[in-house]
Amino acid sequence: MKHLVNPLDLSIDEIQEILDLAKDIERDMKKYSKVCEGKKLATLFYEPSTRTRLSHEAAMLNLGGSVLGFSSADESSASKGESISDTIRTVSCYSDIIAIRHPKEGSALIASEFSQVPIINAGDGGHEHPTQTLTDLLTIQAEKGRLDNLTVGLCGDLKFGRTVHSLIKALVRYPNIKFVLISPEELRLPNYIVQEVLKKNNVPYIEEVRLTNALPNLDLLYMTRVQKERFFNEAEYIRMKDFYVLDSNKMKLADKNMLVLHPLPRVNEIHPEIDNDPRAVYFKQVQYGVYVRMALIIKLLDIQV
Ligand code: CP
């Protein structure tokens, strides 16, 4: 049985199979509308979500399956003190596949150790968010035409932003990827990722505080919000939250083909005035997230299509 806890649980070939299947689903959604008939997806969300929970649910419904679950810990017996392992043992009896989001790093790995059905990590604390990475890879491949030979700017909260951590791990496996890590000093990429992912794989990177310095040289700009829920000190969050605001003036510095991605939700870091700029693809990214999760569910359930 296969789980998706970490982006590295999938080989490059398996990722490409998922992206190819997602593109076929986009071309002909109807062809897949019954392939999960009789199957159930459980969504166990101990932390708030709009896109990840609803896109997993939409994906399963689009495949002809059904969904059950909870959208906050308060709605579940976690509020009475039940452990993740007991909850997973229980929900495995009710469902064929489980997507779990939890504030604790490592929670999805624990879930995978106790589950009788495939586990999808829908975000574990400030650690990983592998289905967002599949979404990002599909968006980049579809909109840029390639996953190699890219200079990728990652901007914002690189310390707590789990989408950035997972995307870096996935992208370093493609040829000629360079990173520009754009953050304030306080929100730099964790040292363990610099050492164990970037340096270990000899991937070129530079660290930059000023977005305007980085913008002219990027193929992609991946913006992120400052992760309020991971801060211990509210004053520190308020000091950091508007450090970067991408607006139409700054976009004038960027290449005419540079793409802007964002996992969303955004707060103030992208001004709505650039939403109609053809380079802004963050709402297309949301749509790709449904196709790629449909493909992932098909693969993890080992459904032949
Ligand atoms: N991108 C993402 O994880 O969004 P949600 O928090 O709304 O699920």
# chains A, B, ... in the order shown; residues from 1 in each chain; ligands from 1
>>> residues_near_ligand(ligand="ligand 1", cutoff="10 Å", atoms="only C-alpha atoms and all ligand atoms", output="PyMOL selection string")
chain A and resi 45+47-56+101+122-123+129-133+135-136+162-163+224+262-266+285-286+289
>>> residues_around(residues="Leu215 in chain A", least_positions_apart="6", cutoff="12 Å", atoms="only C-alpha atoms", output="VMD selection string")
chain A and resid 151 to 155 180 to 182 208 to 209 221 to 223 246 to 247 249 to 260
>>> write_last_selection(atoms="C-alpha atoms", output="PDB file, in the first residue's frame")
ATOM      1  CA  THR A 151      15.198  30.029 -11.945  1.00  0.00           C
ATOM      2  CA  VAL A 152      12.618  29.891  -9.177  1.00  0.00           C
ATOM      3  CA  GLY A 153      12.066  32.716  -6.706  1.00  0.00           C
ATOM      4  CA  LEU A 154      10.477  31.662  -3.419  1.00  0.00           C
ATOM      5  CA  CYS A 155       9.259  34.690  -1.514  1.00  0.00           C
ATOM      6  CA  VAL A 180      16.404  32.637  -5.221  1.00  0.00           C
ATOM      7  CA  LEU A 181      15.278  32.516  -1.586  1.00  0.00           C
ATOM      8  CA  ILE A 182      13.613  35.860  -0.896  1.00  0.00           C
ATOM      9  CA  GLU A 208      17.962  37.826  -1.026  1.00  0.00           C
ATOM     10  CA  VAL A 209      16.001  40.198   1.191  1.00  0.00           C
ATOM     11  CA  LEU A 221       7.917  33.699  -8.554  1.00  0.00           C
ATOM     12  CA  TYR A 222       6.269  31.610  -5.829  1.00  0.00           C
ATOM     13  CA  MET A 223       4.736  34.004  -3.310  1.00  0.00           C
ATOM     14  CA  LEU A 246       3.757  42.294  -5.067  1.00  0.00           C
ATOM     15  CA  ASP A 247       1.977  44.999  -7.057  1.00  0.00           C
ATOM     16  CA  ASN A 249       4.813  48.524 -10.224  1.00  0.00           C
ATOM     17  CA  LYS A 250       7.013  45.646  -9.090  1.00  0.00           C
ATOM     18  CA  MET A 251       5.656  43.429 -11.878  1.00  0.00           C
ATOM     19  CA  LYS A 252       7.156  45.934 -14.362  1.00  0.00           C
ATOM     20  CA  LEU A 253      10.584  44.686 -13.241  1.00  0.00           C
ATOM     21  CA  ALA A 254       9.757  41.082 -14.094  1.00  0.00           C
ATOM     22  CA  ASP A 255      10.233  39.242 -17.374  1.00  0.00           C
ATOM     23  CA  LYS A 256       7.176  39.268 -19.644  1.00  0.00           C
ATOM     24  CA  ASN A 257       6.979  35.471 -19.307  1.00  0.00           C
ATOM     25  CA  MET A 258       7.601  35.180 -15.564  1.00  0.00           C
ATOM     26  CA  LEU A 259       4.808  33.277 -13.831  1.00  0.00           C
ATOM     27  CA  VAL A 260       3.443  34.215 -10.415  1.00  0.00           C
TER      28      VAL A 260
END
>>> select_by_dssp(residues="range 41-251 of chain A", states="strand (DSSP E)", output="number ranges by chain")
A: 41-45, 66-70, 97-102, 119-124, 150-155, 177-182, 205-208, 220-223
>>> select_by_dssp(residues="range 132-281 of chain A", states="alpha helix (DSSP H)", output="VMD selection string")
chain A and resid 132 to 144 162 to 171 191 to 193 211 to 214 234 to 240 248 to 251
>>> residues_around(residues="Lys40 in chain A", least_positions_apart="6", cutoff="10 Å", atoms="only C-alpha atoms", output="number ranges by chain")
A: 57, 60-61, 64-68, 94-98
>>> closest_atom_pairs(of="range 205-264 of chain A", to="range 190-196 of chain A", cutoff="12 Å", atoms="only C-alpha atoms", output="tab-separated table")
residue	atom	partner	partner_atom	distance
A:Tyr205	CA	A:Val194	CA	9.2
A:Ile206	CA	A:Val194	CA	10.7
A:Glu207	CA	A:Val194	CA	10.7
>>> write_last_selection(atoms="N, CA and C atoms", output="PDB file, in the first residue's frame")
ATOM      1  N   TYR A 205      21.755  28.254  -5.195  1.00  0.00           N
ATOM      2  CA  TYR A 205      20.743  29.132  -4.591  1.00  0.00           C
ATOM      3  C   TYR A 205      21.427  30.398  -4.091  1.00  0.00           C
ATOM      4  N   ILE A 206      20.640  31.478  -4.051  1.00  0.00           N
ATOM      5  CA  ILE A 206      21.112  32.678  -3.351  1.00  0.00           C
ATOM      6  C   ILE A 206      20.001  33.122  -2.409  1.00  0.00           C
ATOM      7  N   GLU A 207      20.393  33.799  -1.328  1.00  0.00           N
ATOM      8  CA  GLU A 207      19.417  34.364  -0.406  1.00  0.00           C
ATOM      9  C   GLU A 207      19.367  35.859  -0.643  1.00  0.00           C
TER      10      GLU A 207
END
>>> residues_around(residues="Gln304 in chain A", least_positions_apart="3", cutoff="9 Å", atoms="only C-alpha atoms", output="list in words")
Val35, Ile298 and Lys299 of chain A
>>> residues_around(residues="Ser83 in chain A", least_positions_apart="3", cutoff="12 Å", atoms="only C-alpha atoms", output="ChimeraX atom specification")
/A:73,76-80,86-90,102,107,110-111,114
>>> residues_around(residues="range 21-26 of chain A", least_positions_apart="2", cutoff="6 Å", atoms="only C-alpha atoms", output="mmCIF file with N, CA and C atoms, in the first residue's frame")
data_model
loop_
_atom_site.group_PDB
_atom_site.id
_atom_site.type_symbol
_atom_site.label_atom_id
_atom_site.label_comp_id
_atom_site.auth_asym_id
_atom_site.auth_seq_id
_atom_site.Cartn_x
_atom_site.Cartn_y
_atom_site.Cartn_z
ATOM 1 N N ILE A 18 1.313 10.925 -12.686
ATOM 2 C CA ILE A 18 0.190 11.659 -12.074
ATOM 3 C C ILE A 18 -0.102 12.939 -12.870
ATOM 4 N N LEU A 19 0.945 13.646 -13.277
ATOM 5 C CA LEU A 19 0.727 14.887 -14.042
ATOM 6 C C LEU A 19 0.097 14.579 -15.407
ATOM 7 N N ASP A 28 -10.763 15.404 -20.566
ATOM 8 C CA ASP A 28 -12.000 14.624 -20.677
ATOM 9 C C ASP A 28 -12.445 14.145 -19.288
ATOM 10 N N MET A 29 -12.977 15.054 -18.516
ATOM 11 C CA MET A 29 -13.379 14.756 -17.134
ATOM 12 C C MET A 29 -14.424 13.636 -17.079
ATOM 13 N N TYR A 291 -7.670 18.553 -10.563
ATOM 14 C CA TYR A 291 -7.285 17.500 -11.521
ATOM 15 C C TYR A 291 -6.183 16.611 -10.941
ATOM 16 N N VAL A 292 -5.218 17.262 -10.300
ATOM 17 C CA VAL A 292 -4.073 16.476 -9.823
ATOM 18 C C VAL A 292 -4.481 15.597 -8.642
ATOM 19 N N ALA A 295 -6.164 12.580 -10.027
ATOM 20 C CA ALA A 295 -5.152 11.632 -10.518
ATOM 21 C C ALA A 295 -4.489 10.908 -9.351
#
>>> closest_residue(among="A:Leu218, A:Leu187, A:Lys199, A:Ser33", to="Ala58 in chain A", atoms="only C-alpha atoms")
A:Ser33
